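Structure file entry_10.tsv (TSV, C-alpha atoms) follows.
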```
chain	number	residue	atom	x	y	z
P	1	MET	CA	-246.80	45.94	31.62
P	2	HIS	CA	-243.85	45.21	33.93
P	3	GLU	CA	-245.82	44.29	37.05
P	4	LYS	CA	-244.17	40.86	37.26
P	5	SER	CA	-240.67	42.36	37.08
P	6	ILE	CA	-241.57	44.89	39.78
P	7	GLU	CA	-242.90	42.07	41.98
P	8	LEU	CA	-239.73	40.00	41.50
P	9	LEU	CA	-237.43	42.97	42.04
P	10	ASN	CA	-239.27	43.75	45.29
P	11	LYS	CA	-238.82	40.12	46.37
P	12	ALA	CA	-235.11	40.61	45.74
P	13	VAL	CA	-235.15	43.83	47.81
P	14	ALA	CA	-236.74	41.88	50.68
P	15	ASP	CA	-234.15	39.12	50.32
P	16	GLU	CA	-231.24	41.56	50.20
P	17	LEU	CA	-232.55	43.53	53.20
P	18	ALA	CA	-232.75	40.31	55.20
P	19	ALA	CA	-229.22	39.37	54.14
P	20	THR	CA	-227.89	42.81	55.06
P	21	HIS	CA	-229.45	42.61	58.53
P	22	GLN	CA	-228.25	39.03	59.08
P	23	TYR	CA	-224.69	39.77	57.97
P	24	MET	CA	-224.48	42.89	60.12
P	25	TYR	CA	-225.61	40.80	63.09
P	26	PHE	CA	-222.91	38.23	62.28
P	27	HIS	CA	-220.36	41.02	61.89
P	28	PHE	CA	-221.12	42.39	65.36
P	29	HIS	CA	-220.83	38.97	66.97
P	30	CYS	CA	-217.67	37.94	65.12
P	31	GLU	CA	-215.98	41.18	66.14
P	32	ASP	CA	-217.14	40.70	69.72
P	33	GLN	CA	-215.64	37.19	69.76
P	34	GLY	CA	-212.32	38.41	68.35
P	35	TYR	CA	-212.84	37.05	64.83
P	36	ASP	CA	-212.07	40.29	63.03
P	37	LEU	CA	-211.33	38.70	59.64
P	38	LEU	CA	-214.69	36.93	59.53
P	39	GLY	CA	-216.36	40.03	60.90
P	40	GLY	CA	-214.77	41.98	58.05
P	41	LEU	CA	-216.06	39.48	55.50
P	42	PHE	CA	-219.58	39.78	56.88
P	43	ILE	CA	-219.62	43.59	56.85
P	44	LYS	CA	-218.13	43.69	53.34
P	45	THR	CA	-220.85	41.35	52.12
P	46	ALA	CA	-223.55	43.37	53.91
P	47	ILE	CA	-222.38	46.50	52.10
P	48	GLU	CA	-222.47	44.65	48.76
P	49	GLU	CA	-226.00	43.48	49.56
P	50	MET	CA	-226.98	47.12	50.13
P	51	GLY	CA	-225.69	47.82	46.63
P	52	HIS	CA	-227.98	45.06	45.35
P	53	ILE	CA	-230.94	46.76	47.05
P	54	GLU	CA	-230.02	49.99	45.30
P	55	ARG	CA	-229.79	48.30	41.87
P	56	CYS	CA	-233.18	46.67	42.33
P	57	ALA	CA	-234.76	49.87	43.68
P	58	GLU	CA	-233.48	51.92	40.75
P	59	ARG	CA	-234.96	49.42	38.31
P	60	ILE	CA	-238.29	49.32	40.18
P	61	LEU	CA	-238.52	53.10	40.09
P	62	PHE	CA	-237.61	53.16	36.40
P	63	LEU	CA	-240.46	50.73	35.75
P	64	GLY	CA	-242.84	53.01	37.66
P	65	GLY	CA	-243.20	50.77	40.70
P	66	GLU	CA	-242.97	51.34	44.43
P	67	VAL	CA	-239.97	50.00	46.35
P	68	GLU	CA	-241.12	47.86	49.26
P	69	MET	CA	-238.54	48.04	52.07
P	70	VAL	CA	-239.58	45.00	54.12
P	71	ALA	CA	-237.04	42.30	54.98
P	72	ALA	CA	-237.98	38.77	53.92
P	73	MET	CA	-237.16	37.34	57.35
P	74	GLU	CA	-236.13	38.22	60.88
P	75	VAL	CA	-232.50	38.06	61.93
P	76	GLU	CA	-231.59	34.63	63.22
P	77	LYS	CA	-229.68	34.94	66.50
P	78	ILE	CA	-226.64	32.74	65.81
P	79	HIS	CA	-223.40	33.13	67.78
P	80	ASP	CA	-221.47	30.03	66.67
P	81	VAL	CA	-219.15	30.85	63.75
P	82	ARG	CA	-219.70	27.55	61.94
P	83	GLN	CA	-223.47	28.02	62.13
P	84	MET	CA	-223.10	31.61	60.89
P	85	LEU	CA	-221.16	30.41	57.86
P	86	GLU	CA	-223.65	27.60	57.19
P	87	LYS	CA	-226.53	30.09	57.35
P	88	ALA	CA	-224.70	32.53	55.09
P	89	ARG	CA	-223.92	29.80	52.54
P	90	LYS	CA	-227.54	28.67	52.51
P	91	MET	CA	-228.81	32.24	52.07
P	92	GLU	CA	-226.46	32.84	49.14
P	93	GLU	CA	-227.34	29.50	47.56
P	94	ASP	CA	-231.08	30.19	47.85
P	95	SER	CA	-230.68	33.70	46.41
P	96	THR	CA	-228.70	32.36	43.46
P	97	LYS	CA	-231.43	29.84	42.66
P	98	ASP	CA	-234.20	32.44	42.98
P	99	TYR	CA	-232.40	35.08	40.92
P	100	ASN	CA	-231.71	32.62	38.11
P	101	VAL	CA	-235.41	31.73	37.95
P	102	TRP	CA	-236.44	35.37	38.17
P	103	ALA	CA	-234.02	36.37	35.40
P	104	ASN	CA	-235.73	33.84	33.16
P	105	GLU	CA	-239.18	35.11	34.17
P	106	CYS	CA	-238.19	38.68	33.30
P	107	SER	CA	-236.84	37.50	29.97
P	108	ALA	CA	-240.08	35.63	29.25
P	109	ASN	CA	-241.93	38.90	29.92
P	110	ALA	CA	-239.76	40.86	27.46
P	111	ASP	CA	-237.80	42.70	30.17
P	112	ALA	CA	-234.15	42.18	29.28
P	113	ALA	CA	-232.92	44.99	31.54
P	114	SER	CA	-234.44	43.42	34.68
P	115	ARG	CA	-233.06	40.06	33.53
P	116	LYS	CA	-229.60	41.64	33.45
P	117	VAL	CA	-230.06	43.00	36.96
P	118	PHE	CA	-230.81	39.49	38.20
P	119	GLU	CA	-227.93	37.98	36.23
P	120	GLY	CA	-225.57	40.48	37.88
P	121	LEU	CA	-226.94	39.57	41.28
P	122	VAL	CA	-226.38	35.87	40.54
P	123	GLU	CA	-222.70	36.51	39.84
P	124	ASP	CA	-222.27	38.35	43.14
P	125	GLU	CA	-224.22	35.79	45.16
P	126	GLU	CA	-222.16	32.93	43.70
P	127	ARG	CA	-218.98	34.78	44.74
P	128	HIS	CA	-220.38	35.33	48.25
P	129	PHE	CA	-221.27	31.63	48.50
P	130	ASP	CA	-217.72	30.73	47.45
P	131	GLN	CA	-216.22	33.05	50.09
P	132	TYR	CA	-218.32	31.53	52.87
P	133	ASP	CA	-217.66	28.02	51.56
P	134	ASN	CA	-213.90	28.68	51.62
P	135	GLU	CA	-214.16	29.79	55.25
P	136	MET	CA	-216.02	26.58	56.11
P	137	VAL	CA	-213.35	24.53	54.34
P	138	ASN	CA	-210.65	26.32	56.35
P	139	ILE	CA	-212.44	25.64	59.62
P	140	GLU	CA	-212.95	21.98	58.67
P	141	LYS	CA	-209.31	21.65	57.59
P	142	PHE	CA	-207.66	23.53	60.46
P	143	GLY	CA	-210.34	23.28	63.15
P	144	GLU	CA	-210.33	25.62	66.10
P	145	ARG	CA	-206.74	26.64	65.25
P	146	TYR	CA	-208.08	28.60	62.27
P	147	LEU	CA	-210.35	30.64	64.53
P	148	ALA	CA	-207.70	30.94	67.24
P	149	LEU	CA	-205.31	32.52	64.71
P	150	GLN	CA	-207.82	35.29	64.10
P	151	SER	CA	-208.00	36.05	67.83
P	152	ILE	CA	-204.21	35.99	68.10
P	153	GLU	CA	-203.88	38.43	65.18
P	154	ARG	CA	-206.37	40.72	66.89
P	155	SER	CA	-204.43	40.55	70.15
P	156	LYS	CA	-201.18	41.41	68.36
P	157	THR	CA	-202.84	44.37	66.67
P	158	PHE	CA	-204.27	45.70	69.93
P	159	SER	CA	-201.05	45.21	71.90
P	160	ALA	CA	-199.12	47.05	69.18
P	161	GLY	CA	-201.52	49.98	69.70
P	162	VAL	CA	-202.97	49.68	66.20
P	163	GLY	CA	-206.76	49.71	66.06
P	164	GLY	CA	-209.35	49.39	68.75
P	165	GLU	CA	-210.82	52.19	70.76
```
Go ahead and render the structure in this file as structure tokens.
Amino acid sequence: MHEKSIELLNKAVADELAATHQYMYFHFHCEDQGYDLLGGLFIKTAIEEMGHIERCAERILFLGGEVEMVAAMEVEKIHDVRQMLEKARKMEEDSTKDYNVWANECSANADAASRKVFEGLVEDEERHFDQYDNEMVNIEKFGERYLALQSIERSKTFSAGVGGE
């Protein structure tokens, strides 16, 4: 009866797995380049995406389905911060569009609970998009100085003996 909802929820799992992997990759590279604040944003978002996987998986299991743990795409090897943010914005924008459509499909199939799962995901993805968009605006407004400030803050933290290994 709920095969369509299970299929859509598994598509969301695949999407969220891909996002988690991509954001962890960005996190590693931002930290390596000294951009701790952006690295922190990426890891925070990755953890939230893992929560999305859990919500979808719980619903799939409730509906009697099998959770498919296959990422929708491979990690894109991006090292440039602007390109990372552009990729992240695009991923969040695409997810928002998909989840809105899928919420309506679940509703059309008399599955209000799955619709609510997707509506909750839309709210989170819109917030993620906004966070990445704000970072892009800051880079466009302040240029390389914005990124340099993050490296300077990191240097101050390390020279004060706070953080690091």
**Prompt:** Separation of CA of Met73 in chain P and CA of Asn138 in chain P, in Å?
**Reply:** 28.7 Å
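Closest approach to Asn10 in chain P among P:Gln33, P:Gln83, P:Gln131, P:Ser114: P:Ser114, based on all atoms listed in the file.
In this model, the gap between CA of Ile53 in chain P and CA of Arg89 in chain P comes to 19.2 Å.
What separates CA of Leu41 in chain P from CA of Thr96 in chain P is a distance of 18.9 Å.
Nearest to Glu48 in chain P of all the residues P:Met136, P:Ala19, P:Leu63, P:Val81 is P:Ala19, based on all atoms listed in the file.
If all atoms listed in the file are the atoms counted, then among P:Leu85, P:Leu8, P:Ala72, P:Ile43 the closest residue to Tyr25 in chain P is P:Ile43.
Closest approach to Tyr35 in chain P from the set P:Glu58, P:Asp80, P:Glu105, P:Glu86 is made by P:Asp80, with distances taken over all atoms listed in the file.
Contact shell of Ala112 in chain P at 12 Å (only C-alpha atoms; same-chain neighbours under 5 positions omitted): His2, Ser5, Arg59, Trp102, Ala103, Asn104, Glu105, Cys106, Ser107, Val117, Phe118 and Glu119 of chain P.
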**Request:** Between P:Lys77, P:Glu93, P:Leu61, P:Phe28, single out the one closest to Glu123 in chain P, counting only C-alpha atoms.
**Result:** P:Glu93
**Request:** Quick one: everything within 12 Å of Lys44 in chain P, counting all atoms listed in the file, minus sequence neighbours fewer than 2 positions away in the same chain. Send it as a PyMOL selection string.
**Result:** chain P and resi 19-20+23-24+26-27+36-42+46-51+128+131
**Request:** Would you list the contacts of Glu3 in chain P as a PyMOL selection string, taking every protein, DNA or RNA residue within 10 Å and counting all atoms listed in the file, but skipping same-chain residues closer than 6 positions in sequence?
**Result:** chain P and resi 9+60+63-65+109
Go ahead and save the residues from that selection, with C-alpha atoms, as an mmCIF file, in the frame of the given file.
```
data_model
loop_
_atom_site.group_PDB
_atom_site.id
_atom_site.type_symbol
_atom_site.label_atom_id
_atom_site.label_comp_id
_atom_site.auth_asym_id
_atom_site.auth_seq_id
_atom_site.Cartn_x
_atom_site.Cartn_y
_atom_site.Cartn_z
ATOM 1 C CA LEU P 9 -237.430 42.970 42.040
ATOM 2 C CA ILE P 60 -238.290 49.320 40.180
ATOM 3 C CA LEU P 63 -240.460 50.730 35.750
ATOM 4 C CA GLY P 64 -242.840 53.010 37.660
ATOM 5 C CA GLY P 65 -243.200 50.770 40.700
ATOM 6 C CA ASN P 109 -241.930 38.900 29.920
#
```
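When only C-alpha atoms are used to measure the gap to Arg55 in chain P, the shortest distance among P:Ser95, P:Val75, P:Glu16, P:Lys87 belongs to P:Glu16.
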Can you sort out range 70-105 of chain P so it carries N, CA and C atoms, written as a CSV table (one decimal), keeping the file's coordinate frame?
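Produced file result.csv, reproduced below:
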```
chain,number,residue,atom,x,y,z
P,70,VAL,N,-239.2,45.9,53.0
P,70,VAL,CA,-239.6,45.0,54.1
P,70,VAL,C,-238.7,43.8,54.0
P,71,ALA,N,-237.9,43.5,55.0
P,71,ALA,CA,-237.0,42.3,55.0
P,71,ALA,C,-237.8,41.0,54.9
P,72,ALA,N,-237.3,40.0,54.1
P,72,ALA,CA,-238.0,38.8,53.9
P,72,ALA,C,-238.1,37.9,55.2
P,73,MET,N,-237.2,38.1,56.1
P,73,MET,CA,-237.2,37.3,57.4
P,73,MET,C,-236.5,38.1,58.5
P,74,GLU,N,-236.8,37.6,59.7
P,74,GLU,CA,-236.1,38.2,60.9
P,74,GLU,C,-234.7,37.7,61.0
P,75,VAL,N,-233.9,38.5,61.7
P,75,VAL,CA,-232.5,38.1,61.9
P,75,VAL,C,-232.5,36.8,62.8
P,76,GLU,N,-231.7,35.8,62.4
P,76,GLU,CA,-231.6,34.6,63.2
P,76,GLU,C,-230.4,34.9,64.2
P,77,LYS,N,-230.7,34.7,65.5
P,77,LYS,CA,-229.7,34.9,66.5
P,77,LYS,C,-228.7,33.8,66.6
P,78,ILE,N,-227.7,33.8,65.8
P,78,ILE,CA,-226.6,32.7,65.8
P,78,ILE,C,-225.3,33.3,66.3
P,79,HIS,N,-224.7,32.6,67.2
P,79,HIS,CA,-223.4,33.1,67.8
P,79,HIS,C,-222.2,32.2,67.4
P,80,ASP,N,-222.5,31.0,67.0
P,80,ASP,CA,-221.5,30.0,66.7
P,80,ASP,C,-221.0,30.3,65.2
P,81,VAL,N,-219.7,30.5,65.0
P,81,VAL,CA,-219.2,30.8,63.8
P,81,VAL,C,-219.5,29.8,62.7
P,82,ARG,N,-219.4,28.6,62.9
P,82,ARG,CA,-219.7,27.6,61.9
P,82,ARG,C,-221.2,27.7,61.5
P,83,GLN,N,-222.1,27.9,62.5
P,83,GLN,CA,-223.5,28.0,62.1
P,83,GLN,C,-223.7,29.3,61.3
P,84,MET,N,-223.0,30.4,61.7
P,84,MET,CA,-223.1,31.6,60.9
P,84,MET,C,-222.7,31.4,59.4
P,85,LEU,N,-221.6,30.7,59.2
P,85,LEU,CA,-221.2,30.4,57.9
P,85,LEU,C,-222.1,29.5,57.1
P,86,GLU,N,-222.7,28.5,57.8
P,86,GLU,CA,-223.6,27.6,57.2
P,86,GLU,C,-224.9,28.4,56.8
P,87,LYS,N,-225.4,29.3,57.7
P,87,LYS,CA,-226.5,30.1,57.4
P,87,LYS,C,-226.2,31.0,56.2
P,88,ALA,N,-225.1,31.6,56.2
P,88,ALA,CA,-224.7,32.5,55.1
P,88,ALA,C,-224.6,31.8,53.8
P,89,ARG,N,-224.0,30.6,53.8
P,89,ARG,CA,-223.9,29.8,52.5
P,89,ARG,C,-225.3,29.5,52.0
P,90,LYS,N,-226.2,29.1,52.9
P,90,LYS,CA,-227.5,28.7,52.5
P,90,LYS,C,-228.3,29.9,51.9
P,91,MET,N,-228.1,31.0,52.6
P,91,MET,CA,-228.8,32.2,52.1
P,91,MET,C,-228.3,32.6,50.7
P,92,GLU,N,-227.0,32.5,50.5
P,92,GLU,CA,-226.5,32.8,49.1
P,92,GLU,C,-226.9,31.8,48.1
P,93,GLU,N,-226.9,30.6,48.5
P,93,GLU,CA,-227.3,29.5,47.6
P,93,GLU,C,-228.8,29.7,47.2
P,94,ASP,N,-229.7,30.0,48.1
P,94,ASP,CA,-231.1,30.2,47.8
P,94,ASP,C,-231.3,31.4,46.9
P,95,SER,N,-230.6,32.5,47.2
P,95,SER,CA,-230.7,33.7,46.4
P,95,SER,C,-230.3,33.4,45.0
P,96,THR,N,-229.2,32.7,44.8
P,96,THR,CA,-228.7,32.4,43.5
P,96,THR,C,-229.8,31.6,42.7
P,97,LYS,N,-230.4,30.6,43.3
P,97,LYS,CA,-231.4,29.8,42.7
P,97,LYS,C,-232.6,30.7,42.3
P,98,ASP,N,-233.1,31.6,43.2
P,98,ASP,CA,-234.2,32.4,43.0
P,98,ASP,C,-233.9,33.4,41.8
P,99,TYR,N,-232.7,34.0,41.9
P,99,TYR,CA,-232.4,35.1,40.9
P,99,TYR,C,-232.2,34.5,39.5
P,100,ASN,N,-231.8,33.3,39.4
P,100,ASN,CA,-231.7,32.6,38.1
P,100,ASN,C,-233.1,32.4,37.5
P,101,VAL,N,-234.0,31.9,38.4
P,101,VAL,CA,-235.4,31.7,38.0
P,101,VAL,C,-236.0,33.1,37.6
P,102,TRP,N,-235.8,34.1,38.4
P,102,TRP,CA,-236.4,35.4,38.2
P,102,TRP,C,-235.9,36.0,36.9
P,103,ALA,N,-234.6,35.8,36.6
P,103,ALA,CA,-234.0,36.4,35.4
P,103,ALA,C,-234.7,35.8,34.2
P,104,ASN,N,-235.0,34.5,34.3
P,104,ASN,CA,-235.7,33.8,33.2
P,104,ASN,C,-237.2,34.3,33.0
P,105,GLU,N,-237.8,34.6,34.2
P,105,GLU,CA,-239.2,35.1,34.2
P,105,GLU,C,-239.2,36.5,33.5
```
